[in-house]
Structures are given as structure tokens and as C-alpha cells.
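Undergrad: Provided herewith is a single structure, encoded as C-alpha cells, for subsequent inquiry.
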Amino acid sequence: MLYGTFLPAQEIKQNVEERLQAFFKEYTTNTVNIGTCKLDSFRIDFREKRLLIYTNERFAYQPLRPATVDAIYRHLKQILPGPVSYFKITLFANGRSIEDLIPNLYRKEKKDKTRLFNKLEYRDSPWVSRISRPYEITRGLERRHIALWQSHGKYYINNKNKWGWQRPRLFCTTEDQFTQSFILPYLIPMLENAGANVFTPRERDTQKQEVIVDNDGNLSGYGGQGSLYLEVKSRKARWQQTSQPGFAQQKRVYQDNENPFITGTARYAQTEKKKDKAFAEWIPDIPETGDYAVYVSYQTLPNSVSDAKYIVFHHGGTTEFKVNQQIGGGTWVYLGTFSFDKGKNDYGMVVLSNESKQKGVVCADAVRFGGGMGNIERGGETSGMPRYLEGARYSAQWAGMPYSVYGGREGKDDMSDDINVRSRMINYLSGGSIFNPKDKGLGVPFELSMALHSDAGASKEDKIIGTLGIYTTDFNNGVLGAGTDRYASRDLSDILLTQLQRDIRSNYAIDWTRRSMWNRNYSETRLPAVPSTIIELLSHQNFADMRLGHDPNFKFTVGRSIYKAILQYLCNQHGKDYVVQPLPVSNFAIRFGNKKNTLQLSWNGEEDLLEPTAKPREYIVYTRIGRGGFDNGVRVSSPSYTVKIEPGYCLFL
């Protein structure tokens, strides 16, 4: 009796195996080329009427959606024999059921809360707030802190005792420089305009000049000749030296494991609620007229306030910021990029006030103007390049990171250190925040990290290689720093690839290729304590990709697409609605106004046909006079604006 029932079961299993092998061998998808899939194993439970199917990881390379999953299960039921076709079927790929691989954003039914941030809501003040912005952001990326970086950078090749690029020179560029042309002028401004605080471990300012004004003065003749640091005390508050060390540039060139943020002092003053009381002023002696990024530094003290008021006086006027000094102390903190005149003047400086709504202290240390040239010596010489072209390892040292963050190989392998420092810097900065509570660090609440590369593959044929995504789940018991399931990184990668393919195809009418999503052990996706992904945008080795890659319009499309994907991802993580920024205006025109010495501006708002929320309702008009910088903008409610002009001056809009 037992023998008689055993044979049919064996026959059924053999039949099922043959049909499943054929299914996976023939499986294809129109959205992505995932290669040949294979059946790993299967298990039939006749008692519970269940069929468990396990396939190789390639099946998980594809984007899975509710309709896709339903179609796969429907097809399996159609090809399976006899009673098995009525069993409850579960298909596993890369250790998860395929329905579990659907990103939360695209789910119709119950979401996977282990991948959402749930109660992880940062409610304190942002690291930096631009108070002079003429509008409020309520359904964007306000209060969000994002880390991203642009591949590699020039580094010291230890075994050859020379500096070099990590990637070859191809099609008029190297990857080390190419990915910057997406991140710096397009993506970062889009994210910041949406309200985000954005940090990149590589230098972001392309200005070759650098001026540092410090409370310690011009020690040893470096970093700010002619510049001034001034203090003004009030009746209740005076500036005093902190017990913690601060920044001081005592050398022109720094050796490995030398930290400029522990060789100086910092100052602090008690806060007051009234305006115009105690101040610290940094007045730079600018070597050349131009645009300079402004970075401030301070120490986080036991009673630091979260609304330290900084005012930047620049060629376009004044711009006010509030900085949360309770986090991020002991490094460079980016405020913005502004136009400054050559020399030293009273409309080119940074002022820190002790005005605050909170009882505590504000801290003053150094202020840096400009990106500067690389000043980290390796093998007896510096790179000779502007700092923004160097790898993150050297920016991290100049930013006061501990040696363990950027020098894990103890100076013996700069390339490996450079790859690892991008993630380790994010972990150190975010350590102690709600998104990375177990690590020690500076408390900056980064919510995700993304690395943009351009090494998506190679082909002998002149056709688009397309975009590849990478994430890592097999690390730290499958969870991130705050206990979130690491498959949150897969969701991020999937959303980015989906948005990029959709936008590029729509804007360029080309069959832009979406390649696989790899669950691999890469440093940039394994080490971060927050959801992270590598986006290999295209192939810098392929002419068809690079024809598009050098097009500024393509760079804009890519930047906007990544911005939209990050916006969707983070808003979904927090269960919030979002609105996408409108596109730039078109048909801009200037005419003389009806009144004397006026100009009438007009334009058309552009709707984004791919994004229904991106409807222009109001506009910001920025102006500058002559060689001056742009002001903070004026908010207008219609596509026209009348502006007054002064005879003899040029007006720029």
C-alpha cells in the first residue's frame, strides 16, 4: 500500500521538476535582461498542499511588481501538473519570496513595516536651515538629511609611488571626474531646493582658491593672510575659550594622520533672546572675485543650542542660516555658495550672533571660503589638483575625521581607504542619531546614502549599456543601524532604476536599458548604517552611452530623475505625501514697463507630463546688479513681474 502511493508521488515530483526547469530556462522579462535563470530546488508538501520553489539569485535581479508577481504565479499554475497546480505556491529568489521583493512604494496591499522607518522620525532642528529662503517647504525633503557621492577621485597609488586616477581616460574624461558633472551642478541643488540637507564626502566646491579665517589667527602664516576674526561682546555675554580643541591651520601641507581640528581652540558665548548683542565676525581677504562655498566650524558643547544664527554677507546681499550646533561639531559644515569680491570689505564676511530662542551657548571656530587645492601629502608630494578632484580620503582628513575613518589601511593602501571612507564618514557623522544609534559619532541624522558611478559594463557592440543597481543584505544579521531590514536598500535601488529608465526613455525616445539589481558585497552598500545603493548610471567605456552622458540636457534629466526617486522613497518611508518641484520656466521675455525705469518680465510655467504633482503655482525671481551676486529671491504668484532698474547699472535675472 505504501509502495503503491510512493510511485505516483515520485512521478509527480519528476514532472514538476521538468516543468519548472523549462519555465526558468525560458523565462524572460521585457524590462531588464537578467540572464538565464535556474531552478535551485523545490519542495512539495502534499499534506499542507504547498509547493515551495527556490530559484537562483538572477531571478531577483528584475523589478517585481504586484502585476508581475501575479502573472508569474498564474503562469506556474498553468504549467504544473494535476493536483499540484491547485497547491499554494511560493517562489523564492535570493532568500525572499518574490512578493516580498516588491518595494513598499509599489505595493497595493499591506506594506512590510520592517523596511519602513516607522517611528524613526527626526523631530529636532535640521543641521542647517536657510532662513532667507522666500518660501516654506512642507511636502518635499524638509528635515531630511541625505548622503551621496560621485564615485572616485585622484588618489595616491602606493605601489607605484605616484598620484593617479582610479579609472582610465576615455571619451574626454575619467569616471573620477565624469560623475561629478551630474552630482554637483544638478542633483545636489535639486535636493537642496526641495529642502534637504545634502552631504558629500568629496569636496563639492570647484573653486581653486581657499581662505580660512580662524579665531586662532594666522598661525605660521598659512590660510588667510590679511583676513580678520573679530569678537563683539555684550553686557551679558562675552566670548570665552572652550575646553575642547578647535581648528587651526598650522601647516601648508599635512602628512597622513595629522588632524587640523585638534590643534587650535574654539570660542563660545552665552545666548540672548534679543538681537544685535554679541557677535563673532570672520572677514576674509578674498584673492580673486568669484563664487566661494562657505563652510563654518564649531564644537558641540554640553549646552549648545540648535538655532545658532549665521549671516553671510556677500555680493548679492545677506543670507541668514540657523545651524544646529547640537550635532555635527568638529568638522566643516556647508552653508551655501556665494559671490565675493576680491579683497577685504564689509559686504564680504560671515557673522555669528548669540541671539537664540534657547538658553545655552553658541560656539565659534574657523570659517572656510572656497574648495581650495589638495594639501594632503602622500609619497612626498600633494596631488597638485583642486581638492574637489581628489578622493574622499583626503577631504575626510581635512574635515577632521578620526584616522580610523579614513586610514583603515594605515597609509598602505589609499585606494581601499578611499572606497571605505565614503561609508565610514557617513557612519561617523550619523553616529548617535536615531538612524544610527549604536555608533559613536556626531549625531547627524542621515537617512540614506547613494553612490553614483559610471562603470555599468562593457560591450563590443555600439548599443546602450544602461543602468545597474547594487545593494547588500547579507551583513549585520540583515539589519541596518536602527534595526531596519536591509531590504530597504533594495527598495531604494529599485525605485531609482525604475525612475531613471522611465524618465530617460520618455525624454529621449530611446530604449534605455535597465540592467540588473545585484545583491552583492560592495563596501559602499555594505558598510553604511542607513539604506544605501550604488547606481552604475551607464558605461563610460561605451560610445553610445557617452554620447548621451556628455549632453547637459541628459545630465539634467538624470539629476531630476534621481531627485524624484529619492523624494518618493523617503516620503514613502515616513508615510507622507510629496510634491515634485516644477520644471524650469520657458519663453522668458523682458520688455520695458509702462512706468519709467521699470522692466516687465514674463515667462511660461512648464508642467511635467511625467509627474502630475509638479504643477507650477508660484515662482521665485532672483536678481543681481552688475557684477554682484544673486539675491535671495522674491516670491511671485503669477508668471510675470515688474522690476525697477537704476540707470547706468546692468540687471541680471
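Ordered as shown in the C-alpha cells, chains take letters A, B, and onward, while each chain numbers its residues from 1 and ligands are numbered from 1 in the order shown.
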I'd like the neighbourhood of A:Arg130 as a list in words, where a residue qualifies if any of its atoms comes within 7 Å (using only C-alpha atoms), though same-chain residues fewer than 3 positions away should be ignored.

TA: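 Listing them by chain and then by number gives Arg133, Glu320, Phe321 and Lys322 of chain A.
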
Undergrad: Show me, as JSON, numbers by chain, the residues that have an atom within 8 Å of stretch 379-384 of chain A when counting only C-alpha atoms, minus same-chain residues fewer than 4 positions from it.

TA: {"A": [154, 155, 156, 158, 161, 162, 163, 253, 373, 374, 375, 390]}

Undergrad: Could you give me, as a ChimeraX atom specification, each residue of stretch 271-427 of chain A that DSSP assigns to strand (DSSP E) when run on this structure's backbone?

TA: /A:279-283,290-296,308-314,317-323,333-340,349-353,361-364,367-369

Undergrad: To one decimal place in Å, what is the distance between atom CA of A:Gln326 and atom CA of A:Asn259?

TA: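 If I compute the distance from atom CA of A:Gln326 to atom CA of A:Asn259, I get 21.7 Å.
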
Undergrad: A:Glu461, A:Glu11, A:Asp455, A:Asp494: which is nearest A:Gln166, counting only C-alpha atoms?

TA: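 Ranked by minimum distance to A:Gln166, first place goes to A:Asp455.
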
Undergrad: Can you pull out the residues contacting A:Gly391? Cut-off 8 Å, using only C-alpha atoms, and skip same-chain residues under 3 positions away; I want them as a PyMOL selection string.

TA: chain A and resi 152-155+202+388+394-395+418

Undergrad: Using only C-alpha atoms, which residue out of A:Thr642, A:Thr68, A:Ser454, A:Thr271 lies closest to A:Pro168?

TA: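 So, comparing all the options, the nearest one is A:Ser454.
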
Undergrad: Give me, as a tab-separated table, each residue of stretch 367-397 of chain A that comes within 10 Å of stretch 346-356 of chain A, together with its shortest interatomic pair and the distance in Å at one decimal, counting only C-alpha atoms, with rows ordered by chain and rising residue number.

TA:
residue	atom	partner	partner_atom	distance
A:Val367	CA	A:Val350	CA	7.8
A:Arg368	CA	A:Val350	CA	9.9
A:Phe369	CA	A:Met349	CA	9.6

Undergrad: Find the spatial neighbours of A:Ser181, counting only C-alpha atoms, within a cut-off of 10 Å - ignore same-chain residues fewer than 6 positions away - and output them as a PDB file with N, CA and C atoms, in the first residue's frame.

TA:
ATOM      1  N   GLN A 150      30.081  60.950  -5.597  1.00  0.00           N
ATOM      2  CA  GLN A 150      30.321  60.822  -7.025  1.00  0.00           C
ATOM      3  C   GLN A 150      31.570  59.985  -7.270  1.00  0.00           C
ATOM      4  N   LEU A 187      22.158  67.441  -9.323  1.00  0.00           N
ATOM      5  CA  LEU A 187      21.429  66.690  -8.304  1.00  0.00           C
ATOM      6  C   LEU A 187      21.425  67.382  -6.944  1.00  0.00           C
ATOM      7  N   GLY A 549      25.796  60.856 -22.232  1.00  0.00           N
ATOM      8  CA  GLY A 549      26.359  61.248 -20.950  1.00  0.00           C
ATOM      9  C   GLY A 549      26.975  62.627 -20.937  1.00  0.00           C
ATOM     10  N   HIS A 550      27.470  63.100 -22.079  1.00  0.00           N
ATOM     11  CA  HIS A 550      28.082  64.430 -22.152  1.00  0.00           C
ATOM     12  C   HIS A 550      27.070  65.529 -22.477  1.00  0.00           C
ATOM     13  N   PRO A 552      24.325  68.120 -21.623  1.00  0.00           N
ATOM     14  CA  PRO A 552      23.801  68.773 -20.412  1.00  0.00           C
ATOM     15  C   PRO A 552      22.322  68.492 -20.164  1.00  0.00           C
ATOM     16  N   LYS A 555      22.144  65.221 -18.459  1.00  0.00           N
ATOM     17  CA  LYS A 555      22.557  65.365 -17.059  1.00  0.00           C
ATOM     18  C   LYS A 555      21.412  65.928 -16.225  1.00  0.00           C
ATOM     19  N   PHE A 556      20.691  66.908 -16.775  1.00  0.00           N
ATOM     20  CA  PHE A 556      19.542  67.471 -16.055  1.00  0.00           C
ATOM     21  C   PHE A 556      18.470  66.406 -15.836  1.00  0.00           C
ATOM     22  N   GLY A 559      19.670  64.000 -13.147  1.00  0.00           N
ATOM     23  CA  GLY A 559      19.616  64.633 -11.839  1.00  0.00           C
ATOM     24  C   GLY A 559      18.191  64.741 -11.319  1.00  0.00           C
TER      25      GLY A 559
END

Undergrad: Atom CA of A:Thr90 and atom CA of A:Glu57 are how many Å apart?

TA: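 Atom-to-atom, atom CA of A:Thr90 to atom CA of A:Glu57, that is 15.4 Å.
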
Undergrad: Please list as a list in words every residue within 12 Å of A:Lys25, counting only C-alpha atoms and excluding residues in the same chain fewer than 6 positions away.

TA: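 These residues fall inside the cut-off: Glu18, Arg19, Ile34, Gly35, Thr36, Cys37, Lys38, Leu39, Asp40, Thr55, Asn56, Arg58 and Phe59 of chain A.
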
Undergrad: Which one is closest to A:Asp45: A:Lys13, A:Arg74, A:Lys274, A:Lys208? Count only C-alpha atoms.

TA: A:Lys13

Undergrad: Select, from A:Asn632, A:Thr513, A:Ser493, A:Gln255, the residue with the minimum atom-to-atom distance to A:Ile102, counting only C-alpha atoms.

TA: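 When distances to A:Ile102 are compared using only C-alpha atoms, the smallest one comes from A:Ser493.
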
Undergrad: What's the 6 Å shell around stretch 294-301 of chain A, counting only C-alpha atoms, without same-chain residues fewer than 2 positions away, as a ChimeraX atom specification?

TA: /A:303-304,325-326,329-337,363-369

Undergrad: Have a look at A:Arg252, A:Val211, A:Gly633, A:Gln241 and name the one nearest to A:Ile283; count only C-alpha atoms.

TA: A:Val211
